[in-house]
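Worksheet: one structure, shown below.
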Amino acid sequence: GGGPDGFSGSEALATLHRVFGYESFRGEQEAVIDHVVAGGDAVVLMPTGGGKSLCYQIPAMVRPGTGVVVSPLIALMQDQVDALRALGVRAGFMNSTQDFDERRVVEAEFLAGELDVIYLAPERLRLESTLDLLSRGKISVFAIDEAHCVSQWGHDFRPDYLALSLLGERWPDVPRIALTATATHATHQEITQRLGMPDARHFVASFDRPNIQYRIVPKADPKKQLLAFLQQEHPGDAGIVYCLSRNSVERTAEFLARNGIAAVPYHAGLDAGTRAAHQSRFLREDGLVVCATIAFGMGIDKPDVRFVAHLDLPKSVEGYYQETGRAGRDGLPSTAWMAYGLNDVIQQRKMIQSSEGDEAFRRRAAAHLEAMLALCETAGCRRGQLLAYFGQDSAAPACGNCDTCLTPPETWDGTVAAQKVLSTVVRLQRERGQKFGAVQIVDILLGRRSAKVIQFDHDQLSVFGIGEDLTEGEWRGVVRQLLAQGLLAVEGDYGTLVLTEASGTVLRREREVPLRKEQARPATARSSGGR
Ligand code: ADP
Ligand code: ZN
């Protein structure tokens, strides 16, 4: 590629050497930069850590004028600008954290053509005053970072992004580059369409992160499992532990701290000062663990995050990929570890059913969850499945660096077990007109006379005690897999189990139900039963 005379290409490379001190471009960087320097629009899909920043920083410096970078990550702008200035790049930013005088200085620098790059929050571009300012200076390129924020179906939707299509209308001669690490086909199309970039060239990098080892373990005692994982594999390492609720963030951070691991909480319920302090400790200290809700992490550039752990199931594969992608940006071996169990499935199904969203929203949320469950339950290579989800075929059938490759899960014929679960659900409903959750079903199968079993006379059911051949954990695994396979469903606010249309095929013995054997628990996760 490159400009007609190849001049832009060599200047880009010279800038890479001189300013950033790097030897060569990575992957698609050179092609993207050549295209944008030559004045073309680009949509760039590159995984976290892939090197998106250079794709707009170098064109911003090589082309005459100032590169305008639109980013939603206000909290990071100061750091980004400081980092660029340290390299001798003339950078500035404009956002709501500045006072009037600070902003005046940046405006003056921009108008005088003294800036290579200026970072703006998207809401700035809704102000006529900002647009007016921009039209009085010279702009080399518009970069729209985190471009998936324009997607209304995505998890990071920002209404201000919708207004960015006007950049192309108002500055038709200025190239635009939209960048994101979210890569499904649908998001990709939405970005192109909503930002009004029909003529953009598309650059799609491989989404494989070979240095990340993917592991998903059955959830038994998640905090203890996490502790064992950290102590055995990542002592003293920096990492992020994601939890669904603020409450569990707090409890997990406390638990880890009590057990000698430097850990702090991060969630939207903490005041801004505490959040900022914890974030900056994470960036600056070695080996701090941040327990967080997904409010944490977007745009965080810490290369040596050695692990990302999930104690709760992410809502989508996109979310999982983005969150785990924060590990190992330096390319060194890192772990994406998740504990996943029956309650995750029930809880998320319940959340979808009771959500405020309309029918279309619920259908999408359910589809996202299905894909996530399929990743959790697969007996094949996790990386292969992950890449396939993003429309990329992996070269090898098995990556050799995920749990299912390292210890291939055994499957067993779960047809009879499935029938036992389903007929218990049927009996309750037909004979008693009752619906119950997983705990009660499992207690009945195990023949346990719990208070609730006695209360409802469930020890009188013919199915009482028909499941003594499996343990409680195994039964919960069976129920979880039936839910994941759509052979059982969750209903209502109490998470009661009900049959699906497909359940009949199992009850009528029309099909077999292969199930995955639960991986043996790690020796350190104390199991009460023992061996
Ligand atoms: P992204 O925004 O895609 O997550 P970054 O732009 O932050 O990724 O880049 C990730 C890391 O890779 C940064 O530390 C960056 O300096 C480094 N990097 C990017 N391009 C190159 C390159 N061509 N050679 C060496 N290091 C690079
Ligand atoms: Zn694999």
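Within each chain, counting starts at residue 1; across the structure tokens, chains are named A, B, ... in the order shown, with ligands numbered 1 upward in that order.
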(request) For segment 220-223 of chain A, work out the shell of residues within 7 Å, counting only C-alpha atoms and skipping chain neighbours fewer than 2 positions away, then give it as JSON, numbers by chain. (result) {"A": [218, 225, 226, 227, 252, 311, 339]}
(request) Apply DSSP to the backbone of this structure and, from segment 72-175 of chain A, keep only the residues in helix (DSSP H, G or I); write these as a ChimeraX atom specification. (result) /A:74-86,100-111,122-126,128-136,147-150,159-170
Can you pull out the residues contacting segment 346-360 of chain A? Cut-off 9 Å, using only C-alpha atoms, and skip same-chain residues under 4 positions away; I want them as a CSV table (one decimal) with C-alpha atoms, in the first residue's frame.
chain,number,residue,atom,x,y,z
A,313,LEU,CA,-20.9,-15.8,34.1
A,315,LYS,CA,-23.7,-12.0,29.8
A,342,LEU,CA,-25.9,-24.0,37.8
A,364,ARG,CA,-31.1,-10.9,21.9
A,365,ALA,CA,-30.1,-11.2,25.5
A,366,ALA,CA,-31.2,-14.8,25.5
A,369,LEU,CA,-26.5,-16.1,26.9
A,438,ALA,CA,-33.1,-27.0,41.3
A,480,ARG,CA,-27.0,-27.1,34.5
A,483,LEU,CA,-30.6,-26.0,31.0
A,489,ALA,CA,-36.1,-24.1,31.3
A,490,VAL,CA,-36.3,-21.6,34.1
A,491,GLU,CA,-39.5,-19.8,34.8
A,492,GLY,CA,-40.4,-16.8,37.0
A,493,ASP,CA,-38.7,-14.9,39.8
A,494,TYR,CA,-38.0,-18.0,41.9
A,495,GLY,CA,-36.1,-19.9,39.2
A,496,THR,CA,-38.5,-22.8,39.1
(request) Report as a PyMOL selection string which protein, DNA and RNA residues come within 6 Å of ligand 2, using only C-alpha atoms and all ligand atoms. (result) chain A and resi 381-383+398-402+404-405
Mind writing the picked residues with N, CA and C atoms as a compact mmCIF listing (two decimals), in the first residue's frame?
# COMPACT_ATOMS: atom_id res chain seq x y z
N CYS A 381 -12.30 -27.44 21.74
CA CYS A 381 -11.34 -26.38 22.09
C CYS A 381 -12.06 -25.05 22.33
N ARG A 382 -11.80 -24.46 23.49
CA ARG A 382 -12.47 -23.18 23.80
C ARG A 382 -12.03 -22.07 22.86
N ARG A 383 -10.75 -22.04 22.55
CA ARG A 383 -10.26 -20.99 21.68
C ARG A 383 -10.91 -21.10 20.29
N ALA A 398 -7.22 -27.88 17.51
CA ALA A 398 -7.09 -27.75 18.96
C ALA A 398 -5.89 -26.87 19.27
N CYS A 399 -6.09 -25.93 20.19
CA CYS A 399 -5.04 -24.92 20.42
C CYS A 399 -3.94 -25.41 21.35
N GLY A 400 -4.25 -26.38 22.18
CA GLY A 400 -3.25 -26.85 23.13
C GLY A 400 -3.04 -25.92 24.31
N ASN A 401 -3.80 -24.84 24.38
CA ASN A 401 -3.61 -23.91 25.49
C ASN A 401 -4.96 -23.47 26.07
N CYS A 402 -5.85 -24.43 26.22
CA CYS A 402 -7.10 -24.18 26.95
C CYS A 402 -7.40 -25.45 27.74
N THR A 404 -9.88 -27.50 27.83
CA THR A 404 -10.42 -28.67 27.12
C THR A 404 -9.38 -29.34 26.23
N CYS A 405 -8.38 -28.55 25.77
CA CYS A 405 -7.28 -29.16 25.02
C CYS A 405 -6.32 -29.86 25.96
(request) Name each residue within 7 Å of ligand 1, counting only C-alpha atoms and all ligand atoms, as a PyMOL selection string. (result) chain A and resi 22-26+46-54+301+303+329-330
Expected file: the selected residues, C-alpha atoms, as a PDB file, in the first residue's frame:
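Saved result, part.pdb, follows:
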ATOM      1  CA  TYR A  22       9.619   0.428  17.766  1.00  0.00           C
ATOM      2  CA  GLU A  23      11.366  -1.681  15.192  1.00  0.00           C
ATOM      3  CA  SER A  24       8.511  -2.576  12.881  1.00  0.00           C
ATOM      4  CA  PHE A  25       4.759  -2.443  12.467  1.00  0.00           C
ATOM      5  CA  ARG A  26       2.611  -5.217  13.781  1.00  0.00           C
ATOM      6  CA  MET A  46      -8.290  -5.408  16.390  1.00  0.00           C
ATOM      7  CA  PRO A  47      -8.210  -7.238  19.691  1.00  0.00           C
ATOM      8  CA  THR A  48      -7.286  -5.429  22.864  1.00  0.00           C
ATOM      9  CA  GLY A  49      -3.540  -5.028  22.956  1.00  0.00           C
ATOM     10  CA  GLY A  50      -3.320  -5.346  19.190  1.00  0.00           C
ATOM     11  CA  GLY A  51      -1.910  -1.849  18.806  1.00  0.00           C
ATOM     12  CA  LYS A  52      -4.851   0.271  17.715  1.00  0.00           C
ATOM     13  CA  SER A  53      -3.473   3.536  19.082  1.00  0.00           C
ATOM     14  CA  LEU A  54      -0.633   3.771  16.581  1.00  0.00           C
ATOM     15  CA  ASP A 301      -3.642  -0.071  29.474  1.00  0.00           C
ATOM     16  CA  PRO A 303       0.413  -4.655  29.897  1.00  0.00           C
ATOM     17  CA  ARG A 329      -1.288  -7.448  26.604  1.00  0.00           C
ATOM     18  CA  ASP A 330       2.488  -7.780  26.853  1.00  0.00           C
TER      19      ASP A 330
END
(request) Determine the nearest neighbour of Ser96 of chain A from the options A:Pro175, A:Gly260, A:Gly414, A:Pro72, counting only C-alpha atoms. (result)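 So, comparing all the options, the nearest one is A:Pro72.
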(message) If we count only C-alpha atoms and set the cut-off at 10 Å, which residues sit around Leu125 of chain A, ignoring sequence neighbours fewer than 4 positions away in its own chain? Please answer as a ChimeraX atom specification.
(response) /A:70,120-121,129-132,134,160-161,163-164,166-167
Next, dump the selected residues to file, keeping only N, CA and C atoms, as a short mmCIF file (atom, residue, chain, number, x, y, z; two decimals), in the first residue's frame.
data_model
loop_
_atom_site.label_atom_id
_atom_site.label_comp_id
_atom_site.auth_asym_id
_atom_site.auth_seq_id
_atom_site.Cartn_x
_atom_site.Cartn_y
_atom_site.Cartn_z
N VAL A 70 -11.72 10.82 19.24
CA VAL A 70 -12.93 10.78 20.06
C VAL A 70 -12.87 9.53 20.92
N LEU A 120 -10.91 14.13 22.57
CA LEU A 120 -12.18 14.75 22.93
C LEU A 120 -13.16 13.69 23.41
N ALA A 121 -13.97 14.06 24.41
CA ALA A 121 -15.06 13.17 24.79
C ALA A 121 -16.19 13.34 23.76
N SER A 129 -20.17 24.94 19.87
CA SER A 129 -18.92 25.67 20.14
C SER A 129 -17.69 24.81 19.80
N THR A 130 -17.78 23.52 20.10
CA THR A 130 -16.65 22.63 19.78
C THR A 130 -16.49 22.49 18.27
N LEU A 131 -17.62 22.26 17.60
CA LEU A 131 -17.57 22.10 16.15
C LEU A 131 -17.01 23.37 15.49
N ASP A 132 -17.43 24.49 16.05
CA ASP A 132 -16.95 25.76 15.52
C ASP A 132 -15.44 25.89 15.72
N LEU A 134 -13.32 23.47 16.00
CA LEU A 134 -12.64 22.54 15.10
C LEU A 134 -12.57 23.09 13.68
N ASP A 160 -24.20 9.59 22.59
CA ASP A 160 -23.40 10.64 21.95
C ASP A 160 -22.68 10.16 20.69
N TYR A 161 -22.42 8.87 20.64
CA TYR A 161 -21.72 8.35 19.47
C TYR A 161 -22.55 8.46 18.20
N ALA A 163 -24.14 10.85 17.16
CA ALA A 163 -23.96 12.15 16.51
C ALA A 163 -22.67 12.22 15.69
N LEU A 164 -21.82 11.21 15.80
CA LEU A 164 -20.52 11.30 15.14
C LEU A 164 -20.59 11.18 13.62
N LEU A 166 -22.01 13.06 11.80
CA LEU A 166 -21.94 14.40 11.22
C LEU A 166 -20.51 14.82 10.90
N LEU A 167 -19.53 14.15 11.49
CA LEU A 167 -18.14 14.51 11.18
C LEU A 167 -17.86 14.35 9.69
#
(request) Run DSSP on the backbone of this structure and report the residues of segment 290-470 of chain A it assigns to strand (DSSP E), as a PyMOL selection string. (result) chain A and resi 290-292+307-310+334-340+411-413
Save the residues we just selected, N, CA and C atoms, as a PDB file, in the first residue's frame?
ATOM      1  N   VAL A 290      -7.526  -6.456  41.507  1.00  0.00           N
ATOM      2  CA  VAL A 290      -8.726  -5.634  41.609  1.00  0.00           C
ATOM      3  C   VAL A 290      -9.943  -6.534  41.439  1.00  0.00           C
ATOM      4  N   CYS A 291     -10.818  -6.522  42.444  1.00  0.00           N
ATOM      5  CA  CYS A 291     -12.087  -7.230  42.321  1.00  0.00           C
ATOM      6  C   CYS A 291     -13.097  -6.200  41.846  1.00  0.00           C
ATOM      7  N   ALA A 292     -13.785  -6.482  40.761  1.00  0.00           N
ATOM      8  CA  ALA A 292     -14.544  -5.417  40.123  1.00  0.00           C
ATOM      9  C   ALA A 292     -15.788  -5.924  39.430  1.00  0.00           C
ATOM     10  N   PHE A 307      -3.714 -12.342  34.971  1.00  0.00           N
ATOM     11  CA  PHE A 307      -4.901 -13.197  34.922  1.00  0.00           C
ATOM     12  C   PHE A 307      -6.154 -12.330  34.986  1.00  0.00           C
ATOM     13  N   VAL A 308      -7.200 -12.854  34.382  1.00  0.00           N
ATOM     14  CA  VAL A 308      -8.538 -12.290  34.560  1.00  0.00           C
ATOM     15  C   VAL A 308      -9.405 -13.446  35.023  1.00  0.00           C
ATOM     16  N   ALA A 309     -10.053 -13.269  36.168  1.00  0.00           N
ATOM     17  CA  ALA A 309     -10.889 -14.334  36.703  1.00  0.00           C
ATOM     18  C   ALA A 309     -12.344 -13.875  36.702  1.00  0.00           C
ATOM     19  N   HIS A 310     -13.231 -14.773  36.368  1.00  0.00           N
ATOM     20  CA  HIS A 310     -14.666 -14.485  36.448  1.00  0.00           C
ATOM     21  C   HIS A 310     -15.281 -15.370  37.519  1.00  0.00           C
ATOM     22  N   SER A 334      -0.632 -15.816  30.211  1.00  0.00           N
ATOM     23  CA  SER A 334      -1.629 -15.280  31.130  1.00  0.00           C
ATOM     24  C   SER A 334      -2.803 -16.242  31.160  1.00  0.00           C
ATOM     25  N   THR A 335      -3.624 -16.092  32.185  1.00  0.00           N
ATOM     26  CA  THR A 335      -4.733 -17.024  32.322  1.00  0.00           C
ATOM     27  C   THR A 335      -6.072 -16.306  32.358  1.00  0.00           C
ATOM     28  N   ALA A 336      -7.032 -16.830  31.612  1.00  0.00           N
ATOM     29  CA  ALA A 336      -8.428 -16.400  31.746  1.00  0.00           C
ATOM     30  C   ALA A 336      -9.149 -17.540  32.447  1.00  0.00           C
ATOM     31  N   TRP A 337      -9.525 -17.303  33.682  1.00  0.00           N
ATOM     32  CA  TRP A 337     -10.067 -18.381  34.525  1.00  0.00           C
ATOM     33  C   TRP A 337     -11.480 -18.023  34.937  1.00  0.00           C
ATOM     34  N   MET A 338     -12.365 -18.986  34.857  1.00  0.00           N
ATOM     35  CA  MET A 338     -13.744 -18.703  35.244  1.00  0.00           C
ATOM     36  C   MET A 338     -14.336 -19.880  36.002  1.00  0.00           C
ATOM     37  N   ALA A 339     -15.086 -19.566  37.051  1.00  0.00           N
ATOM     38  CA  ALA A 339     -15.859 -20.589  37.747  1.00  0.00           C
ATOM     39  C   ALA A 339     -17.314 -20.391  37.336  1.00  0.00           C
ATOM     40  N   TYR A 340     -17.936 -21.474  36.952  1.00  0.00           N
ATOM     41  CA  TYR A 340     -19.269 -21.379  36.360  1.00  0.00           C
ATOM     42  C   TYR A 340     -20.142 -22.503  36.881  1.00  0.00           C
ATOM     43  N   THR A 411     -17.022 -37.522  28.210  1.00  0.00           N
ATOM     44  CA  THR A 411     -18.473 -37.420  28.183  1.00  0.00           C
ATOM     45  C   THR A 411     -19.050 -38.748  28.664  1.00  0.00           C
ATOM     46  N   TRP A 412     -20.253 -38.699  29.091  1.00  0.00           N
ATOM     47  CA  TRP A 412     -20.913 -39.934  29.526  1.00  0.00           C
ATOM     48  C   TRP A 412     -22.342 -39.903  29.016  1.00  0.00           C
ATOM     49  N   ASP A 413     -22.971 -41.041  28.982  1.00  0.00           N
ATOM     50  CA  ASP A 413     -24.338 -41.107  28.497  1.00  0.00           C
ATOM     51  C   ASP A 413     -25.274 -40.690  29.631  1.00  0.00           C
TER      52      ASP A 413
END
(request) Would you mind telling me which residue in A:Ala108, A:Ala451, A:Ile177, A:Leu332 lies nearest to Asp199 of chain A when using only C-alpha atoms? (result) A:Ile177
(message) Rounded to one decimal, what separation in Å do you get between atom CA of Arg90 of chain A and atom CA of Thr66 of chain A?
(response)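 Calculated distance between atom CA of Arg90 of chain A and atom CA of Thr66 of chain A is 9.4 Å.
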